[in-house]
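Taking it in order: structure first as structure tokens, then the write-up.
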Amino acid sequence: MIIKNFIERLEEGCISALLVAMTLLVFVEVVLRFGFGVGVMWIGELTLTVSAWFVLFGMSYGLKIGAHIGVDALVRLLPRTGRRICTAIAVLICLTYCGLIMYGGWVYVDKLHMIGLEMEDLPLPKWSVTSILLFGFGLMALRLLHLLWEIISGTADGFSRTDEVKESLQLADKENTTLDRPSPKLNAALAEGA
């Protein structure tokens, strides 16, 4: 449990640091360019690199917290076993995709390493920067394998996602009624989604 909490904190810390770094880089570039009429050549490339790392590192975290968009109106109509089978098939397709991207990323990074290219404005080897392809999709594959294990063991029957419709209805209900009397529309909608 301690290791799991440490890894989760490390992951959240890395994502937060990447977001803060990207925001600060853009802020500094805007202030320098529009405030003083000068720019720093390498900030643009570093910002793009940090944003790519943020996206590719954060996609597995998005799967963990249920932030990815999923259309499951048809799957929700199925019984639990049917939902588990559909989700397992979807996870296997996603794992195949991750495997293809990781293989292609490995070939690409290997060729960049062999050629010895550097970034345009930064004194960094290009292969070290693009290695996030392997790392990001590797993390995504680990999350998917964990979900597949939960489906096989019976502790999950689908991707965990936030239910935006339910949240929106609850927010609308708070605005339109008192907390003592929920609206009949909300009760009907929540009963259909359950």
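All residue names refer to the structure tokens as shown: chains lettered A, B, ... in order, residues numbered from 1 in each chain, ligands numbered from 1 in order.
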Q: Might you pull out every residue within 8 Å of region 6-16 of chain A, with only C-alpha atoms counted and same-chain residues fewer than 5 positions away left off, and present them as an MDAnalysis selection string?
A: chainID A and resid 54 57:58 61
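For His146 (chain A), the set of protein, DNA and RNA residues having any atom at most 12 Å away, when counting only C-alpha atoms and skipping those fewer than 5 positions along the same chain, is Ser60, Leu63, Lys64, Ala88, Val91, Leu92, Leu95, Leu139, Met140, Ala141, Ile151, Ile152, Ser153, Thr155, Ala156 and Phe159 of chain A.
Between CA of Met22 (chain A) and CA of Ile65 (chain A) the interatomic distance comes to 22.1 Å.
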Q: Would you mind writing down, as a PyMOL selection string, each residue of region 37-142 of chain A that DSSP on the backbone assigns to alpha helix (DSSP H)?
A: chain A and resi 41-65+73-76+80-115+126-130+132-142
Q: Fewer than 6 positions away in the same chain doesn't count, so skip those; otherwise give me all residues within 7 Å of Asp121 (chain A), counting only C-alpha atoms, as a PyMOL selection string.
A: chain A and resi 41-42+45
Q.
Could you tell me how far CA of Gly44 (chain A) sits from CA of Val28 (chain A), in Å to one decimal place?
A. 10.7 Å
**Q.** Which of A:Gly138, A:Gly66, A:Gly116, A:Pro123 sits closest to Leu100 (chain A) [using only C-alpha atoms]
**A.** A:Gly138
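Here CA of Ile89 (chain A) and CA of Gly154 (chain A) stand 15.0 Å from one another.
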